[in-house]
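Participant: Input entry05.cif, format and content: mmCIF, C-alpha atoms.
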```cif
data_model
#
loop_
_atom_site.label_atom_id
_atom_site.label_comp_id
_atom_site.auth_asym_id
_atom_site.auth_seq_id
_atom_site.Cartn_x
_atom_site.Cartn_y
_atom_site.Cartn_z
CA MET A 189 -146.23 153.33 -33.69
CA LEU A 190 -147.43 150.26 -31.79
CA ASN A 191 -145.19 147.43 -30.65
CA VAL A 192 -145.88 144.13 -28.88
CA LEU A 193 -143.82 142.24 -26.32
CA LYS A 194 -144.87 138.73 -25.35
CA VAL A 195 -143.66 137.64 -21.91
CA ARG A 196 -144.05 134.57 -19.72
CA ILE A 197 -145.98 135.18 -16.50
CA TYR A 198 -146.12 133.04 -13.35
CA PRO A 199 -149.36 133.66 -11.41
CA ASN A 200 -149.73 132.12 -7.96
CA LYS A 201 -152.62 129.80 -7.06
CA GLU A 202 -155.00 132.61 -6.11
CA GLN A 203 -154.22 134.49 -9.30
CA GLN A 204 -154.64 131.30 -11.34
CA THR A 205 -158.10 130.82 -9.82
CA ALA A 206 -159.03 134.44 -10.62
CA LEU A 207 -157.76 134.05 -14.18
CA ALA A 208 -159.73 130.83 -14.62
CA LYS A 209 -162.91 132.68 -13.59
CA ASN A 210 -162.11 135.51 -16.00
CA PHE A 211 -161.44 133.07 -18.85
CA GLY A 212 -164.73 131.31 -18.16
CA CYS A 213 -166.76 134.52 -17.94
CA CYS A 214 -165.31 135.90 -21.20
CA ARG A 215 -165.95 132.58 -22.93
CA VAL A 216 -169.58 132.43 -21.70
CA VAL A 217 -170.23 136.03 -22.76
CA TRP A 218 -168.79 135.34 -26.23
CA ASN A 219 -170.83 132.17 -26.72
CA TYR A 220 -174.03 133.68 -25.28
CA TYR A 221 -174.04 136.72 -27.57
CA LEU A 222 -172.80 134.78 -30.59
CA ASN A 223 -175.81 132.51 -30.20
CA LYS A 224 -178.14 135.47 -29.56
CA THR A 225 -176.85 137.35 -32.59
CA ASN A 226 -177.29 134.29 -34.83
CA THR A 227 -180.85 133.77 -33.55
CA GLN A 228 -181.84 137.40 -34.03
CA ALA A 229 -180.27 137.50 -37.50
CA GLN A 230 -182.34 134.48 -38.54
CA GLU A 231 -185.55 136.01 -37.18
CA THR A 232 -185.16 139.66 -38.18
CA GLY A 233 -182.32 139.63 -40.70
CA LYS A 234 -180.21 141.94 -38.52
CA GLY A 235 -177.72 141.05 -35.80
CA LEU A 236 -176.63 142.84 -32.62
CA SER A 237 -174.15 145.70 -32.51
CA TYR A 238 -171.62 146.22 -29.72
CA CYS A 239 -173.84 148.86 -28.06
CA ASP A 240 -176.81 146.50 -28.08
CA MET A 241 -174.78 143.68 -26.57
CA ALA A 242 -173.19 145.95 -23.94
CA LYS A 243 -176.63 147.20 -22.78
CA ASP A 244 -177.96 143.67 -22.64
CA LEU A 245 -174.88 142.49 -20.70
CA THR A 246 -175.68 144.99 -17.93
CA GLN A 247 -179.13 143.46 -17.53
CA LEU A 248 -177.75 139.92 -17.83
CA LYS A 249 -175.52 140.42 -14.79
CA LYS A 250 -178.58 141.25 -12.68
CA LEU A 251 -180.16 137.85 -13.32
CA ALA A 252 -179.69 135.24 -10.59
CA ASP A 253 -178.40 132.61 -13.05
CA TYR A 254 -175.66 134.95 -14.36
CA SER A 255 -174.80 136.93 -11.22
CA TRP A 256 -171.35 135.26 -11.13
CA LEU A 257 -170.35 137.33 -14.18
CA SER A 258 -169.79 140.24 -11.78
CA GLU A 259 -166.73 138.44 -10.39
CA ALA A 260 -164.85 139.07 -13.63
CA THR A 261 -163.33 142.41 -14.61
CA ALA A 262 -166.00 144.41 -16.45
CA ALA A 263 -163.52 145.74 -19.00
CA THR A 264 -162.55 142.20 -20.11
CA LEU A 265 -166.20 141.29 -20.71
CA GLN A 266 -166.74 144.43 -22.76
CA GLN A 267 -163.57 143.69 -24.71
CA SER A 268 -164.93 140.21 -25.46
CA LEU A 269 -168.00 141.86 -27.02
CA LYS A 270 -165.79 144.18 -29.07
CA ASN A 271 -163.82 141.19 -30.31
CA LEU A 272 -167.07 139.49 -31.32
CA GLU A 273 -168.18 142.56 -33.26
CA SER A 274 -164.78 142.68 -35.00
CA ALA A 275 -165.06 138.98 -35.86
CA PHE A 276 -168.42 139.57 -37.57
CA LYS A 277 -167.05 142.62 -39.38
CA ASN A 278 -164.05 140.63 -40.67
CA PHE A 279 -166.39 137.88 -41.86
CA PHE A 280 -168.68 140.20 -43.81
CA GLU A 281 -165.66 141.92 -45.38
CA HIS A 282 -164.31 138.49 -46.44
CA ARG A 283 -161.18 138.68 -44.28
CA ALA A 284 -162.00 135.74 -41.97
CA LYS A 285 -164.34 132.82 -41.47
CA PHE A 286 -167.60 132.95 -39.54
CA PRO A 287 -167.08 133.27 -35.73
CA LYS A 288 -167.06 129.98 -33.84
CA PHE A 289 -168.14 129.06 -30.32
CA LYS A 290 -165.29 128.86 -27.82
CA SER A 291 -164.46 125.75 -25.82
CA LYS A 292 -163.08 125.43 -22.30
CA HIS A 293 -160.57 122.89 -23.61
CA GLY A 294 -157.37 124.12 -25.20
CA LYS A 295 -156.03 127.67 -25.31
CA GLN A 296 -157.80 130.40 -23.29
CA SER A 297 -157.30 134.15 -23.59
CA LEU A 298 -158.65 137.52 -22.49
CA ARG A 299 -157.66 141.14 -22.95
CA TYR A 300 -157.26 143.90 -20.38
CA PRO A 301 -157.77 147.17 -22.31
CA GLU A 302 -156.74 149.49 -19.47
CA SER A 303 -155.24 149.87 -15.97
CA CYS A 304 -152.16 147.72 -16.69
CA SER A 305 -148.61 148.64 -15.77
CA ILE A 306 -145.17 147.19 -15.06
CA LYS A 307 -144.07 147.21 -11.43
CA GLY A 308 -140.49 146.10 -10.93
CA SER A 309 -140.17 142.54 -12.22
CA GLY A 310 -143.92 142.00 -12.35
CA LEU A 311 -146.98 142.95 -14.35
CA LYS A 312 -149.87 144.67 -12.56
CA LEU A 313 -153.30 143.57 -13.79
CA PRO A 314 -156.80 144.66 -12.62
CA LYS A 315 -158.19 142.55 -9.72
CA LEU A 316 -155.06 140.36 -9.79
CA GLY A 317 -152.39 142.63 -8.40
CA ILE A 318 -148.76 142.18 -9.41
CA VAL A 319 -148.14 138.96 -11.36
CA LYS A 320 -144.60 137.65 -11.53
CA ALA A 321 -143.27 137.98 -15.10
CA LYS A 322 -140.09 137.40 -17.06
CA ILE A 323 -139.72 140.65 -19.02
CA SER A 324 -136.83 140.35 -21.46
CA LYS A 325 -136.91 143.90 -22.87
CA PRO A 326 -137.81 147.29 -21.40
CA VAL A 327 -141.25 148.64 -22.28
CA ASN A 328 -140.56 152.30 -23.08
CA GLY A 329 -143.99 153.65 -23.87
CA LYS A 330 -147.61 153.84 -22.82
CA ILE A 331 -149.24 150.42 -22.41
CA LYS A 332 -152.40 150.25 -24.52
CA SER A 333 -153.60 146.75 -23.58
CA VAL A 334 -152.45 143.38 -22.24
CA THR A 335 -153.69 140.05 -23.60
CA VAL A 336 -153.27 137.15 -21.16
CA SER A 337 -153.38 133.62 -22.56
CA LYS A 338 -153.14 130.12 -21.15
CA THR A 339 -151.85 127.30 -23.36
CA SER A 340 -153.02 123.70 -23.36
CA THR A 341 -149.87 122.85 -21.38
CA ASP A 342 -150.89 125.22 -18.52
CA LYS A 343 -148.39 127.96 -19.33
CA TYR A 344 -149.36 131.60 -18.99
CA PHE A 345 -148.27 134.40 -21.32
CA ALA A 346 -148.99 138.12 -21.58
CA ALA A 347 -148.80 140.08 -24.85
CA ILE A 348 -148.12 143.73 -23.95
CA LEU A 349 -149.23 146.23 -26.59
CA PHE A 350 -147.50 149.58 -26.10
CA GLU A 351 -146.93 152.78 -28.03
CA VAL A 352 -143.43 153.87 -29.05
CA GLU A 353 -142.05 156.75 -31.07
CA ASP A 354 -141.16 155.92 -34.66
CA VAL A 355 -137.55 157.08 -34.73
CA GLN A 356 -136.21 154.26 -36.92
CA PRO A 357 -133.82 155.71 -39.54
CA ALA A 358 -134.13 154.77 -43.19
CA LYS A 359 -132.71 151.30 -43.75
CA GLU A 360 -129.69 150.71 -45.97
CA GLY A 361 -128.66 147.38 -47.41
CA GLU A 362 -128.91 145.09 -50.38
CA ILE A 363 -131.64 143.76 -52.65
CA SER A 364 -131.93 139.99 -52.31
CA GLY A 365 -134.05 137.46 -54.12
CA ILE A 366 -135.17 134.41 -52.12
CA ASP A 367 -136.30 131.11 -53.57
CA LEU A 368 -138.29 128.95 -51.13
CA GLY A 369 -137.97 125.17 -51.31
CA LEU A 370 -137.94 121.89 -49.43
CA ASN A 371 -134.37 120.67 -50.05
CA SER A 372 -133.09 124.14 -49.17
CA LEU A 373 -135.57 126.23 -47.20
CA VAL A 374 -134.22 129.47 -48.67
CA THR A 375 -131.76 130.14 -51.47
CA VAL A 376 -130.61 133.77 -51.25
CA PHE A 377 -128.99 135.80 -54.05
CA ASP A 378 -127.91 139.36 -53.22
CA GLY A 379 -126.55 140.28 -56.67
CA LYS A 380 -123.08 138.86 -56.03
CA THR A 381 -123.18 135.64 -54.05
CA TYR A 382 -125.53 132.76 -53.27
CA TYR A 383 -126.09 130.92 -50.02
CA LYS A 384 -128.60 128.32 -48.88
CA VAL A 385 -130.23 127.50 -45.54
CA ASP A 386 -131.50 123.98 -44.95
CA PRO A 387 -134.82 123.31 -43.17
CA ILE A 388 -134.75 121.84 -39.65
CA LYS A 389 -137.88 119.64 -40.09
CA PRO A 390 -139.11 119.71 -36.46
CA THR A 391 -142.15 117.49 -37.13
CA ARG A 392 -139.96 114.65 -38.37
CA LYS A 393 -137.41 115.28 -35.63
CA TYR A 394 -139.95 114.70 -32.85
CA ALA A 395 -142.12 112.19 -34.75
CA LYS A 396 -140.96 109.19 -32.70
CA ARG A 397 -141.61 110.90 -29.36
CA LEU A 398 -145.05 112.05 -30.55
CA LYS A 399 -145.93 108.56 -31.78
CA ARG A 400 -145.12 106.94 -28.43
CA ARG A 401 -147.13 109.47 -26.43
CA GLN A 402 -150.11 109.20 -28.77
CA GLN A 403 -149.98 105.41 -28.48
CA ALA A 404 -150.04 105.72 -24.69
CA LEU A 405 -152.97 108.15 -24.96
CA SER A 406 -155.02 105.69 -27.02
CA LYS A 407 -154.77 103.10 -24.20
CA LYS A 408 -156.13 105.43 -21.51
CA GLU A 409 -159.76 105.18 -20.50
CA LYS A 410 -161.87 108.07 -21.73
CA GLY A 411 -162.81 110.51 -18.96
CA SER A 412 -160.11 109.27 -16.56
CA ASN A 413 -157.54 111.50 -14.87
CA ASN A 414 -154.72 109.51 -16.42
CA ARG A 415 -156.07 110.33 -19.86
CA LYS A 416 -156.17 114.05 -19.01
CA LYS A 417 -152.53 113.88 -17.89
CA GLN A 418 -151.53 112.07 -21.07
CA VAL A 419 -153.33 114.66 -23.21
CA LYS A 420 -151.04 117.31 -21.71
CA ARG A 421 -147.99 115.16 -22.44
CA VAL A 422 -149.02 114.94 -26.09
CA ALA A 423 -149.69 118.70 -26.15
CA LYS A 424 -146.17 119.36 -24.84
CA VAL A 425 -144.67 117.56 -27.83
CA HIS A 426 -146.78 119.60 -30.23
CA GLU A 427 -145.75 122.76 -28.35
CA LYS A 428 -142.08 121.75 -28.63
CA ILE A 429 -142.45 121.29 -32.40
CA ALA A 430 -144.16 124.66 -32.82
CA ASN A 431 -141.63 126.50 -30.63
CA THR A 432 -138.67 124.93 -32.45
CA ARG A 433 -140.02 125.98 -35.83
CA GLN A 434 -140.91 129.47 -34.67
CA ASP A 435 -137.54 130.07 -33.03
CA PHE A 436 -135.67 128.97 -36.18
CA LEU A 437 -137.79 131.16 -38.48
CA HIS A 438 -137.47 134.18 -36.18
CA LYS A 439 -133.66 133.91 -36.22
CA LEU A 440 -133.56 133.35 -40.00
CA SER A 441 -135.89 136.28 -40.75
CA ARG A 442 -133.92 138.55 -38.41
CA LYS A 443 -130.67 137.74 -40.26
CA LEU A 444 -132.27 138.38 -43.66
CA VAL A 445 -133.80 141.68 -42.55
CA ASP A 446 -130.55 142.90 -40.98
CA ASP A 447 -128.61 142.17 -44.18
CA ASN A 448 -131.07 143.54 -46.74
CA GLN A 449 -133.01 146.69 -47.57
CA VAL A 450 -135.35 144.98 -50.06
CA ILE A 451 -136.31 141.30 -50.06
CA VAL A 452 -138.05 139.69 -53.02
CA VAL A 453 -139.96 136.43 -52.44
CA GLU A 454 -142.50 134.28 -54.24
CA ASN A 455 -146.18 134.70 -53.43
CA LEU A 456 -146.85 131.00 -52.82
CA CYS A 457 -150.31 129.47 -52.39
CA VAL A 458 -149.52 127.45 -49.26
CA LYS A 459 -153.10 126.15 -48.94
CA GLY A 460 -152.94 124.74 -52.45
CA LEU A 461 -149.52 123.17 -51.87
CA ALA A 462 -150.84 121.61 -48.64
CA ARG A 463 -153.26 119.53 -50.73
CA THR A 464 -150.45 117.73 -52.55
CA LYS A 465 -148.45 114.66 -51.54
CA LEU A 466 -145.76 116.98 -50.13
CA ALA A 467 -148.20 118.51 -47.62
CA LYS A 468 -146.37 117.34 -44.49
CA SER A 469 -143.02 118.76 -45.61
CA ILE A 470 -144.55 122.03 -46.83
CA LEU A 471 -146.44 122.69 -43.60
CA ASP A 472 -143.40 121.67 -41.57
CA ALA A 473 -141.24 124.23 -43.42
CA GLY A 474 -143.51 127.15 -42.48
CA PHE A 475 -143.32 129.20 -45.68
CA GLY A 476 -146.26 131.43 -44.72
CA MET A 477 -144.85 132.08 -41.24
CA LEU A 478 -141.46 133.04 -42.68
CA ILE A 479 -142.97 135.53 -45.14
CA ASN A 480 -145.11 136.99 -42.34
CA PHE A 481 -142.04 137.47 -40.14
CA LEU A 482 -140.14 139.11 -42.99
CA SER A 483 -143.06 141.43 -43.72
CA TYR A 484 -143.50 142.99 -40.29
CA LYS A 485 -139.77 143.09 -39.49
CA LEU A 486 -139.00 144.89 -42.74
CA GLU A 487 -141.84 147.31 -42.08
CA ARG A 488 -140.42 148.17 -38.66
CA ALA A 489 -136.94 148.59 -40.16
CA ARG A 490 -138.32 150.73 -43.02
CA GLY A 491 -137.38 148.13 -45.60
CA LYS A 492 -139.53 146.69 -48.39
CA LEU A 493 -140.95 143.26 -49.12
CA VAL A 494 -141.79 142.56 -52.77
CA GLU A 495 -143.83 139.46 -53.64
CA VAL A 496 -143.48 138.05 -57.15
CA ASP A 497 -146.58 136.45 -58.62
CA ARG A 498 -146.85 132.69 -58.05
CA PHE A 499 -147.22 132.06 -61.80
CA PHE A 500 -143.91 133.72 -62.66
CA PRO A 501 -141.70 130.90 -64.13
CA SER A 502 -138.67 131.58 -61.94
CA THR A 503 -137.46 127.96 -61.98
CA LYS A 504 -137.91 127.20 -65.69
CA LEU A 505 -136.58 130.51 -67.03
CA CYS A 506 -132.91 130.64 -68.05
CA ASN A 507 -131.37 133.71 -66.46
CA CYS A 508 -128.88 134.20 -69.33
CA CYS A 509 -131.09 134.02 -72.45
CA ASN A 510 -134.65 133.96 -70.98
CA PHE A 511 -135.36 130.59 -72.58
CA LYS A 512 -138.27 128.80 -70.85
CA ASN A 513 -137.59 125.10 -70.24
CA ASN A 514 -141.01 123.45 -69.80
CA SER A 515 -139.55 119.95 -69.42
CA LEU A 516 -138.30 120.48 -65.85
CA ASN A 517 -139.85 118.55 -62.95
CA LEU A 518 -139.19 118.46 -59.20
CA SER A 519 -136.59 115.70 -59.47
CA VAL A 520 -134.27 117.82 -61.65
CA ARG A 521 -131.99 119.87 -59.40
CA GLU A 522 -129.47 120.94 -62.09
CA TRP A 523 -130.05 121.52 -65.79
CA VAL A 524 -128.38 122.83 -68.93
CA CYS A 525 -130.17 125.42 -71.06
CA PRO A 526 -130.89 123.95 -74.52
CA ASN A 527 -130.58 127.40 -76.09
CA CYS A 528 -127.34 128.87 -74.66
CA GLN A 529 -125.84 125.71 -73.03
CA THR A 530 -125.51 127.41 -69.64
CA HIS A 531 -125.39 125.09 -66.63
CA HIS A 532 -127.86 126.07 -63.89
CA ASP A 533 -128.43 125.10 -60.30
CA ARG A 534 -132.22 124.97 -60.04
CA ASP A 535 -132.55 127.00 -56.82
CA GLU A 536 -129.81 129.52 -57.59
CA ASN A 537 -131.26 130.25 -61.02
CA ALA A 538 -134.71 130.76 -59.49
CA ALA A 539 -133.36 133.14 -56.83
CA LYS A 540 -131.63 135.23 -59.49
CA ASN A 541 -134.78 135.41 -61.62
CA ILE A 542 -136.88 136.39 -58.59
CA ARG A 543 -134.46 139.18 -57.71
CA GLU A 544 -134.51 140.61 -61.24
CA GLU A 545 -138.31 140.42 -61.35
CA GLY A 546 -138.49 142.27 -58.03
CA ILE A 547 -136.24 145.05 -59.35
CA ARG A 548 -138.48 145.31 -62.43
CA ILE A 549 -141.56 145.65 -60.21
CA LEU A 550 -139.95 148.38 -58.11
CA SER A 551 -138.84 150.25 -61.23
CA THR A 552 -142.35 150.02 -62.72
CA ASN A 553 -144.15 151.29 -59.60
CA THR A 554 -142.36 154.63 -59.30
CA ASP A 555 -143.16 158.26 -59.89
CA GLY A 556 -139.74 159.80 -59.34
CA GLN A 557 -140.34 161.22 -55.87
CA SER A 558 -137.67 159.26 -53.98
CA GLU A 559 -134.78 156.94 -54.65
CA PHE A 560 -132.34 154.55 -52.98
CA GLN A 561 -129.24 152.64 -53.96
CA ALA A 562 -128.62 149.07 -52.81
CA CYS A 563 -125.94 146.69 -54.03
CA GLY A 564 -125.25 148.81 -57.11
CA GLU A 565 -128.92 149.02 -58.10
CA ARG A 566 -130.25 152.57 -58.15
CA LEU A 567 -134.06 152.81 -58.06
CA ARG A 568 -136.42 155.75 -57.78
CA LEU A 569 -139.31 155.00 -55.42
CA ASP A 570 -142.35 156.78 -54.06
CA SER A 571 -141.90 157.07 -50.29
CA THR A 572 -145.68 157.13 -49.81
CA ARG A 573 -146.12 153.73 -51.42
CA ALA A 574 -146.93 150.63 -49.39
CA LYS A 575 -143.89 148.80 -48.08
CA LYS A 576 -145.26 145.45 -49.25
CA GLN A 577 -145.66 145.21 -53.00
CA ARG A 578 -146.89 142.32 -55.14
CA SER A 579 -146.49 141.58 -58.81
CA MET A 580 -149.25 140.24 -61.00
CA LYS A 581 -149.06 137.99 -64.05
CA GLN A 582 -146.59 139.19 -66.67
CA GLU A 583 -149.27 139.74 -69.31
CA SER A 584 -151.34 141.91 -66.92
CA PRO A 585 -150.48 145.43 -65.68
CA VAL A 586 -148.75 145.65 -62.32
CA LYS A 587 -151.02 146.63 -59.43
CA LEU A 588 -149.84 148.31 -56.25
CA ARG A 589 -151.84 148.26 -53.02
CA CYS A 590 -151.62 151.44 -50.98
CA ASN A 591 -153.79 152.06 -47.90
CA GLY A 592 -156.42 149.59 -49.06
CA ARG A 593 -156.70 151.12 -52.57
CA VAL A 594 -155.55 149.61 -55.84
CA SER A 595 -153.96 151.74 -58.52
CA ARG A 596 -152.72 150.85 -61.99
#
```
Do you think you could lay out the structure here as C-alpha cells?

Facilitator:
Amino acid sequence: MLNVLKVRIYPNKEQQTALAKNFGCCRVVWNYYLNKTNTQAQETGKGLSYCDMAKDLTQLKKLADYSWLSEATAATLQQSLKNLESAFKNFFEHRAKFPKFKSKHGKQSLRYPESCSIKGSGLKLPKLGIVKAKISKPVNGKIKSVTVSKTSTDKYFAAILFEVEDVQPAKEGEISGIDLGLNSLVTVFDGKTYYKVDPIKPTRKYAKRLKRRQQALSKKEKGSNNRKKQVKRVAKVHEKIANTRQDFLHKLSRKLVDDNQVIVVENLCVKGLARTKLAKSILDAGFGMLINFLSYKLERARGKLVEVDRFFPSTKLCNCCNFKNNSLNLSVREWVCPNCQTHHDRDENAAKNIREEGIRILSTNTDGQSEFQACGERLRLDSTRAKKQRSMKQESPVKLRCNGRVSR
C-alpha cells in the first residue's frame, strides 16, 4: 500500500539556485518534446514513445546549445519524459485534456524517482544534500519517490511517496446519508439523529483584502519590480483562501470517516452547477474536494463510499409516503407533504432519502459472500467489490465498477 506525506521544506540559497535550474531543465525538456511529438504526429501520424524521447535526450545534451541540461539530475529529466508519456496516454484514454506547454511563471515541480531518504530533521535529495524540512509524521516505509514543488508565493514543499504495510483492520461504524447544500454544507443523517455543518465561505471572507490588493496591482507599471512584488501579494491572498478551504474540508471529512463505516452522498455535476448564477458559492463550498477527501480516506480505513445518481429526487421525495412534490424550488426550505401531511425540513428529508437509497444500492450489489452490521442495518456484501459504488437512474439496472470493469 502506498501513502503520501506532504511536508514543507526550507532550502538554503545554494539549494534554491540548484532547484531553480532543475525546474527550468525539466520544463524545457517537457516543452521541447511536447512540441517535437506534436510535429512528428502531424507529419507521420505517430508520436514519440518514452524510449524514443529518452534516446533523443541523450543526444540533445551533447549539443552546445543544450549542454546546460547536464547540470540537472538525469533521473528528474527522465521522469519528466515519463510524465509526458502518461499525459498523452491519459488524453487518448479520455481521462484528461491534451498536454499543455509549461510556463516559468506560477507553480513549478519536479520528481526525484530514487536516491531520496530522511536524515534526522531533513530530507536528502540527489545533488542537493540534506534540505531542512518540517516532517510532522514518521515515514515508516521505503520511499518510492519525492516530488518537490514551488508555489507562486515562493514556498517549497515535498510530497513523499512511501510504501507501508496494509494492516488496517476492518472498519466498524454507522451508515450515514449526506445531503450537500449551500445554506448547510452537509446535512448528516445516521439513522437516528441529524446534524448540520455550515460552510465557512473563505472567498467571501477574504474578498475585501483581495479586492484592495488587486486594485493596487492594476496601478503598477507592467514589467516593473513593484508589479512583480504586488503579484506575489495577490497570490498570497489566493493561497490563504485555498488553504482555509482545504483545512476545513480535511477536518470535516476526517470526522465523518471516523464516525461512519459507509457514507452515502450525491453524485453532483459540479461543472454544470458552476455554470449557474450560484457558481461562486458552489465553487467556494468545494463539493468535489470534499467527496474526493471522503473517498480516499474511507478507502484507507476500509470503509465504503456510495454515490447516489444525481437524478435521484432526494429533495422532492417524501420519506414517509414516497410522494414526489414537483412544485419545490430552492427558496422552499420546509414543506408539508400534500399526500400524508408530514412536515419536512428540506435538507433533513433529502439526507434520509439518500441514506435509504444507498442501503438499497448496497443490498442490490451483493452475492452473499460477506456481511456487516452498522447502526442496526445488516447487509451482505462482496468483499472483492470496489469500495466506491455509484447508483444509476432508478429505471435503469444498477452498475458496479470493479477494477475498471462494469458488471450488471

Participant: With only C-alpha atoms as the counted atoms, please give the residues lying no more than 10 Å from A:Ile429, apart from itself and same-chain residues fewer than 5 positions off, as number ranges by chain.

Facilitator: A: 389-395, 398, 423-424, 434, 472

Participant: Using 12 Å as the limit and counting all atoms listed in the file, can you tabulate each residue of stretch 229-264 of chain A that touches stretch 285-307 of chain A, with its shortest atom-to-atom distance in Å and the two atoms involved, as a Markdown table?

Facilitator:
```
| residue | atom | partner | partner_atom | distance |
| --- | --- | --- | --- | --- |
| A:Ala260 | CA | A:Leu298 | CA | 10.9 |
| A:Thr261 | CA | A:Tyr300 | CA | 8.5 |
| A:Ala262 | CA | A:Tyr300 | CA | 9.6 |
| A:Ala263 | CA | A:Tyr300 | CA | 6.7 |
| A:Thr264 | CA | A:Tyr300 | CA | 5.6 |
```

Participant: Write a file of the selected residues as a compact mmCIF listing (two decimals), keeping the file's coordinate frame, keeping C-alpha atoms.

Facilitator:
```txt
# COMPACT_ATOMS: atom_id res chain seq x y z
CA ALA A 260 -164.85 139.07 -13.63
CA THR A 261 -163.33 142.41 -14.61
CA ALA A 262 -166.00 144.41 -16.45
CA ALA A 263 -163.52 145.74 -19.00
CA THR A 264 -162.55 142.20 -20.11
```

Participant: For A:Phe499, which residue among A:Asn480, A:Ser337, A:Asn455, A:Asn514 is the nearest when counting all atoms listed in the file?

Facilitator: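 Answer, going by the shortest atom-to-atom distance: A:Asn455.
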
Participant: For A:Asp533, which of A:Ile388, A:Ser340, A:Asp367, A:Arg401 is the closest residue, counting all atoms listed in the file?

Facilitator: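 So, comparing all the options, the nearest one is A:Asp367.
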
Participant: Nearest to A:Cys525 among A:Lys330, A:Lys512, A:Arg548, A:Lys270, with distances taken over all atoms listed in the file: which residue is it?

Facilitator: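 Going through A:Lys330, A:Lys512, A:Arg548, A:Lys270 one by one, the smallest distance to A:Cys525 is for A:Lys512.
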
Participant: How many Å separate atom CA of A:Lys277 from atom CA of A:Cys239?

Facilitator: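 Result for atom CA of A:Lys277 versus atom CA of A:Cys239: 14.6 Å, one decimal.
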
Participant: State, in Å with one decimal place, the distance from atom CA of A:Lys320 to atom CA of A:Tyr198.

Facilitator: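 These two atoms are separated by 5.2 Å.
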
Participant: Could stretch 470-485 of chain A be completed with N, CA and C atoms and written as a JSON list (two decimals), keeping the file's coordinate frame, please?

Facilitator:
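Dumped to rebuild-v9.json:
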```json
[["chain", "number", "residue", "atom", "x", "y", "z"],
["A", 470, "ILE", "N", -144.27, 120.62, -46.57],
["A", 470, "ILE", "CA", -144.55, 122.03, -46.83],
["A", 470, "ILE", "C", -145.03, 122.73, -45.56],
["A", 471, "LEU", "N", -145.95, 122.09, -44.84],
["A", 471, "LEU", "CA", -146.44, 122.69, -43.60],
["A", 471, "LEU", "C", -145.37, 122.71, -42.53],
["A", 472, "ASP", "N", -144.49, 121.71, -42.55],
["A", 472, "ASP", "CA", -143.40, 121.67, -41.57],
["A", 472, "ASP", "C", -142.38, 122.78, -41.82],
["A", 473, "ALA", "N", -142.21, 123.18, -43.09],
["A", 473, "ALA", "CA", -141.24, 124.23, -43.42],
["A", 473, "ALA", "C", -141.69, 125.59, -42.93],
["A", 474, "GLY", "N", -143.00, 125.87, -42.97],
["A", 474, "GLY", "CA", -143.51, 127.15, -42.48],
["A", 474, "GLY", "C", -143.24, 128.31, -43.41],
["A", 475, "PHE", "N", -143.55, 128.13, -44.71],
["A", 475, "PHE", "CA", -143.32, 129.20, -45.68],
["A", 475, "PHE", "C", -144.12, 130.46, -45.33],
["A", 476, "GLY", "N", -145.41, 130.28, -45.03],
["A", 476, "GLY", "CA", -146.26, 131.43, -44.72],
["A", 476, "GLY", "C", -145.78, 132.18, -43.48],
["A", 477, "MET", "N", -145.35, 131.45, -42.47],
["A", 477, "MET", "CA", -144.85, 132.08, -41.24],
["A", 477, "MET", "C", -143.58, 132.88, -41.52],
["A", 478, "LEU", "N", -142.70, 132.34, -42.35],
["A", 478, "LEU", "CA", -141.46, 133.04, -42.68],
["A", 478, "LEU", "C", -141.74, 134.35, -43.41],
["A", 479, "ILE", "N", -142.64, 134.31, -44.40],
["A", 479, "ILE", "CA", -142.97, 135.53, -45.14],
["A", 479, "ILE", "C", -143.64, 136.55, -44.23],
["A", 480, "ASN", "N", -144.47, 136.09, -43.30],
["A", 480, "ASN", "CA", -145.11, 136.99, -42.34],
["A", 480, "ASN", "C", -144.07, 137.67, -41.45],
["A", 481, "PHE", "N", -143.10, 136.89, -40.97],
["A", 481, "PHE", "CA", -142.04, 137.47, -40.14],
["A", 481, "PHE", "C", -141.22, 138.50, -40.92],
["A", 482, "LEU", "N", -140.90, 138.17, -42.17],
["A", 482, "LEU", "CA", -140.14, 139.11, -42.99],
["A", 482, "LEU", "C", -140.92, 140.40, -43.23],
["A", 483, "SER", "N", -142.22, 140.27, -43.41],
["A", 483, "SER", "CA", -143.06, 141.43, -43.72],
["A", 483, "SER", "C", -143.06, 142.44, -42.59],
["A", 484, "TYR", "N", -143.38, 142.00, -41.37],
["A", 484, "TYR", "CA", -143.50, 142.99, -40.29],
["A", 484, "TYR", "C", -142.14, 143.47, -39.80],
["A", 485, "LYS", "N", -141.10, 142.64, -39.91],
["A", 485, "LYS", "CA", -139.77, 143.09, -39.49],
["A", 485, "LYS", "C", -139.19, 144.11, -40.47]]
```
